[in-house]
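J.: Sending over a structure as structure tokens; questions will come in a sec.
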Amino acid sequence: MRKITKIIVHCTATHAGREVSVAEITLWHKARGFRTIGYHYVVSLDGRILVGRDESEAGAHCYGQNSCSIGVVYVGGLSAADGSPADTRTQAQKAALKRLIATLKSRFPGATVHSHYEFAPKACPCFDAAAEYG
């Protein structure tokens, strides 16, 4: 198994209320030249935790950090009104992210939680994941 030192949280950069499937994200990532979906987990609007890329494989979600991280993405991140970056997490997503990250931290002791924007000039995930889940 890879040595996991980081859990990196992302958003799909889609409008609030628009569900996105693992299959759709996989198509986006394949169009960018990835072999498959880059994230290890996807949190749907209703709080379901869906499996993406197998944890044993390095992700394709954060340049320079993929080999040592688990990528978690929640569906949303853009305002429904104007498409600007916004924390659009539903209550179900907030609860699911809390559970998932707690589970990952227990499985990978010492792993730290990060927002994607710590490593790239993006608003993603539109909230401070380290402060909330670290």
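By order of appearance in the structure tokens: chains A, B, ..., then residues from 1 within every chain, and ligands from 1 in the order shown.
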DSSP says alpha helix (DSSP H) for which residues of chain A? Put them as a VMD selection string?
T.: chain A and resid 22 to 31 91 to 107 129 to 133
J.: Just want the 12 Å neighbourhood of Phe34 of chain A, counted on only C-alpha atoms, with same-chain residues fewer than 5 positions away dropped. Output as number ranges by chain.
T.: A: 25-29, 39, 53, 58-61
J.: When you look at segment 97-114 of chain A with a cut-off of 6 Å (counting only C-alpha atoms), what residues show up, excluding the ones that are within fewer than 2 positions of it in the same chain? I need them as a PyMOL selection string.
T.: chain A and resi 5-8+93-95+129-130+134
J.: Emit the selected residues as an mmCIF file, in the first residue's frame, including all heavy atoms.
T.:
data_model
loop_
_atom_site.group_PDB
_atom_site.id
_atom_site.type_symbol
_atom_site.label_atom_id
_atom_site.label_comp_id
_atom_site.auth_asym_id
_atom_site.auth_seq_id
_atom_site.Cartn_x
_atom_site.Cartn_y
_atom_site.Cartn_z
ATOM 1 N N THR A 5 -0.003 10.436 3.462
ATOM 2 C CA THR A 5 0.302 11.493 4.435
ATOM 3 C C THR A 5 -0.680 12.654 4.363
ATOM 4 O O THR A 5 -0.675 13.509 5.244
ATOM 5 C CB THR A 5 1.728 12.038 4.217
ATOM 6 O OG1 THR A 5 1.822 12.577 2.893
ATOM 7 C CG2 THR A 5 2.763 10.943 4.419
ATOM 8 N N LYS A 6 -1.513 12.676 3.314
ATOM 9 C CA LYS A 6 -2.456 13.785 3.138
ATOM 10 C C LYS A 6 -3.813 13.279 2.662
ATOM 11 O O LYS A 6 -3.892 12.337 1.876
ATOM 12 C CB LYS A 6 -1.939 14.792 2.112
ATOM 13 C CG LYS A 6 -0.662 15.504 2.513
ATOM 14 C CD LYS A 6 -0.189 16.427 1.396
ATOM 15 C CE LYS A 6 1.089 17.125 1.770
ATOM 16 N NZ LYS A 6 2.269 16.247 1.637
ATOM 17 N N ILE A 7 -4.849 13.951 3.140
ATOM 18 C CA ILE A 7 -6.203 13.780 2.629
ATOM 19 C C ILE A 7 -6.560 15.137 2.039
ATOM 20 O O ILE A 7 -6.571 16.143 2.760
ATOM 21 C CB ILE A 7 -7.180 13.388 3.755
ATOM 22 C CG1 ILE A 7 -6.733 12.069 4.396
ATOM 23 C CG2 ILE A 7 -8.608 13.306 3.220
ATOM 24 C CD1 ILE A 7 -7.331 11.818 5.767
ATOM 25 N N ILE A 8 -6.792 15.180 0.741
ATOM 26 C CA ILE A 8 -7.015 16.453 0.066
ATOM 27 C C ILE A 8 -8.467 16.536 -0.389
ATOM 28 O O ILE A 8 -8.969 15.650 -1.085
ATOM 29 C CB ILE A 8 -6.049 16.634 -1.121
ATOM 30 C CG1 ILE A 8 -4.602 16.541 -0.610
ATOM 31 C CG2 ILE A 8 -6.302 17.978 -1.813
ATOM 32 C CD1 ILE A 8 -3.547 16.605 -1.689
ATOM 33 N N GLN A 93 -23.971 16.122 2.995
ATOM 34 C CA GLN A 93 -22.575 16.104 2.560
ATOM 35 C C GLN A 93 -21.637 16.446 3.705
ATOM 36 O O GLN A 93 -20.590 15.823 3.857
ATOM 37 C CB GLN A 93 -22.356 17.084 1.401
ATOM 38 C CG GLN A 93 -22.889 16.590 0.078
ATOM 39 C CD GLN A 93 -22.727 17.615 -1.008
ATOM 40 O OE1 GLN A 93 -23.124 18.767 -0.859
ATOM 41 N NE2 GLN A 93 -22.145 17.198 -2.125
ATOM 42 N N LYS A 94 -22.008 17.430 4.509
ATOM 43 C CA LYS A 94 -21.156 17.800 5.645
ATOM 44 C C LYS A 94 -20.987 16.620 6.591
ATOM 45 O O LYS A 94 -19.878 16.323 7.044
ATOM 46 C CB LYS A 94 -21.739 19.003 6.387
ATOM 47 C CG LYS A 94 -21.605 20.293 5.614
ATOM 48 C CD LYS A 94 -22.228 21.449 6.380
ATOM 49 C CE LYS A 94 -22.113 22.743 5.595
ATOM 50 N NZ LYS A 94 -22.678 23.890 6.305
ATOM 51 N N ALA A 95 -22.082 15.933 6.881
ATOM 52 C CA ALA A 95 -22.019 14.776 7.781
ATOM 53 C C ALA A 95 -21.193 13.649 7.157
ATOM 54 O O ALA A 95 -20.379 13.019 7.833
ATOM 55 C CB ALA A 95 -23.433 14.290 8.107
ATOM 56 N N ALA A 129 -10.936 23.109 4.657
ATOM 57 C CA ALA A 129 -11.039 21.709 5.072
ATOM 58 C C ALA A 129 -10.137 21.407 6.272
ATOM 59 O O ALA A 129 -10.534 20.647 7.165
ATOM 60 C CB ALA A 129 -10.692 20.788 3.918
ATOM 61 N N ALA A 130 -8.956 22.003 6.317
ATOM 62 C CA ALA A 130 -8.042 21.753 7.437
ATOM 63 C C ALA A 130 -8.649 22.244 8.745
ATOM 64 O O ALA A 130 -8.576 21.552 9.770
ATOM 65 C CB ALA A 130 -6.696 22.415 7.181
ATOM 66 N N GLY A 134 -9.432 18.978 10.266
ATOM 67 C CA GLY A 134 -8.065 18.666 10.676
ATOM 68 C C GLY A 134 -7.942 18.328 12.069
ATOM 69 O O GLY A 134 -7.871 17.548 12.812
#
J.: I need the residue nearest Ser115 of chain A from this list: A:Thr36, A:Ser56, A:Ser79, A:Gln65. Use only C-alpha atoms for the distance.
T.: A:Gln65
J.: For each of A:Leu50, A:Ala120, A:Ala131, A:Ile4, take the minimum atom-to-atom distance to Val22 of chain A, counting only C-alpha atoms, then give the residue where this is smallest.
T.: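 Ranked by minimum distance to Val22 of chain A, first place goes to A:Leu50.
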J.: Write out as a ChimeraX atom specification the set of residues from segment 43-134 of chain A that DSSP, computed on the backbone, places in strand (DSSP E).
T.: /A:43,49-51,69-74,77-78,112-115
J.: Kindly save the residues from that selection, with N, CA, C and O atoms included, as an mmCIF file, in the first residue's frame.
T.:
data_model
loop_
_atom_site.group_PDB
_atom_site.id
_atom_site.type_symbol
_atom_site.label_atom_id
_atom_site.label_comp_id
_atom_site.auth_asym_id
_atom_site.auth_seq_id
_atom_site.Cartn_x
_atom_site.Cartn_y
_atom_site.Cartn_z
ATOM 1 N N VAL A 43 -18.495 12.514 -2.770
ATOM 2 C CA VAL A 43 -19.615 12.650 -1.835
ATOM 3 C C VAL A 43 -20.763 13.325 -2.577
ATOM 4 O O VAL A 43 -20.674 14.488 -2.969
ATOM 5 N N ILE A 49 -21.362 8.175 -0.034
ATOM 6 C CA ILE A 49 -19.918 8.168 -0.279
ATOM 7 C C ILE A 49 -19.668 7.125 -1.352
ATOM 8 O O ILE A 49 -19.881 5.931 -1.131
ATOM 9 N N LEU A 50 -19.251 7.601 -2.514
ATOM 10 C CA LEU A 50 -19.061 6.741 -3.669
ATOM 11 C C LEU A 50 -17.564 6.531 -3.915
ATOM 12 O O LEU A 50 -16.773 7.458 -3.749
ATOM 13 N N VAL A 51 -17.222 5.330 -4.300
ATOM 14 C CA VAL A 51 -15.817 5.004 -4.542
ATOM 15 C C VAL A 51 -15.457 5.376 -5.972
ATOM 16 O O VAL A 51 -16.191 5.061 -6.920
ATOM 17 N N SER A 69 -1.352 10.931 -1.301
ATOM 18 C CA SER A 69 -2.633 11.450 -0.806
ATOM 19 C C SER A 69 -3.824 10.618 -1.242
ATOM 20 O O SER A 69 -3.753 9.826 -2.174
ATOM 21 N N ILE A 70 -4.919 10.868 -0.538
ATOM 22 C CA ILE A 70 -6.242 10.374 -0.905
ATOM 23 C C ILE A 70 -7.033 11.604 -1.332
ATOM 24 O O ILE A 70 -7.065 12.615 -0.617
ATOM 25 N N GLY A 71 -7.678 11.529 -2.492
ATOM 26 C CA GLY A 71 -8.481 12.637 -3.005
ATOM 27 C C GLY A 71 -9.957 12.406 -2.742
ATOM 28 O O GLY A 71 -10.511 11.374 -3.118
ATOM 29 N N VAL A 72 -10.571 13.390 -2.068
ATOM 30 C CA VAL A 72 -11.995 13.343 -1.740
ATOM 31 C C VAL A 72 -12.646 14.559 -2.386
ATOM 32 O O VAL A 72 -12.158 15.678 -2.223
ATOM 33 N N VAL A 73 -13.742 14.352 -3.097
ATOM 34 C CA VAL A 73 -14.439 15.467 -3.740
ATOM 35 C C VAL A 73 -15.905 15.465 -3.326
ATOM 36 O O VAL A 73 -16.523 14.408 -3.234
ATOM 37 N N TYR A 74 -16.427 16.654 -3.036
ATOM 38 C CA TYR A 74 -17.867 16.765 -2.827
ATOM 39 C C TYR A 74 -18.483 17.401 -4.066
ATOM 40 O O TYR A 74 -17.857 18.212 -4.750
ATOM 41 N N GLY A 77 -19.909 23.373 -5.241
ATOM 42 C CA GLY A 77 -18.814 24.335 -5.135
ATOM 43 C C GLY A 77 -19.052 25.638 -5.860
ATOM 44 O O GLY A 77 -18.272 26.571 -5.716
ATOM 45 N N LEU A 78 -20.142 25.716 -6.634
ATOM 46 C CA LEU A 78 -20.477 26.955 -7.317
ATOM 47 C C LEU A 78 -21.898 27.371 -6.961
ATOM 48 O O LEU A 78 -22.806 26.532 -6.889
ATOM 49 N N THR A 112 -2.637 14.350 7.288
ATOM 50 C CA THR A 112 -3.199 15.679 7.531
ATOM 51 C C THR A 112 -4.246 15.992 6.472
ATOM 52 O O THR A 112 -4.215 15.461 5.363
ATOM 53 N N VAL A 113 -5.180 16.863 6.846
ATOM 54 C CA VAL A 113 -6.283 17.230 5.958
ATOM 55 C C VAL A 113 -5.967 18.577 5.311
ATOM 56 O O VAL A 113 -5.522 19.509 5.987
ATOM 57 N N HIS A 114 -6.235 18.657 4.006
ATOM 58 C CA HIS A 114 -5.915 19.869 3.252
ATOM 59 C C HIS A 114 -7.032 20.221 2.285
ATOM 60 O O HIS A 114 -7.751 19.341 1.804
ATOM 61 N N SER A 115 -7.120 21.493 1.967
ATOM 62 C CA SER A 115 -7.964 21.975 0.872
ATOM 63 C C SER A 115 -7.112 21.993 -0.391
ATOM 64 O O SER A 115 -5.913 22.308 -0.337
#
J.: Between A:Ile37, A:Ala96, A:Val9, A:Ala16, which is the closest to Gly52 of chain A once you count only C-alpha atoms?
T.: A:Ile37
J.: Fewer than 4 positions away in the same chain doesn't count, so skip those; otherwise give me all residues within 6 Å of His10 of chain A, counting only C-alpha atoms, as a count of residues only.
T.: 4
J.: Using only C-alpha atoms, can you tell me which of A:Tyr117, A:Leu45, A:Ala31, A:Lys122 comes closest to Arg89 of chain A?
T.: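 Using only C-alpha atoms, Arg89 of chain A sits closest to A:Leu45.
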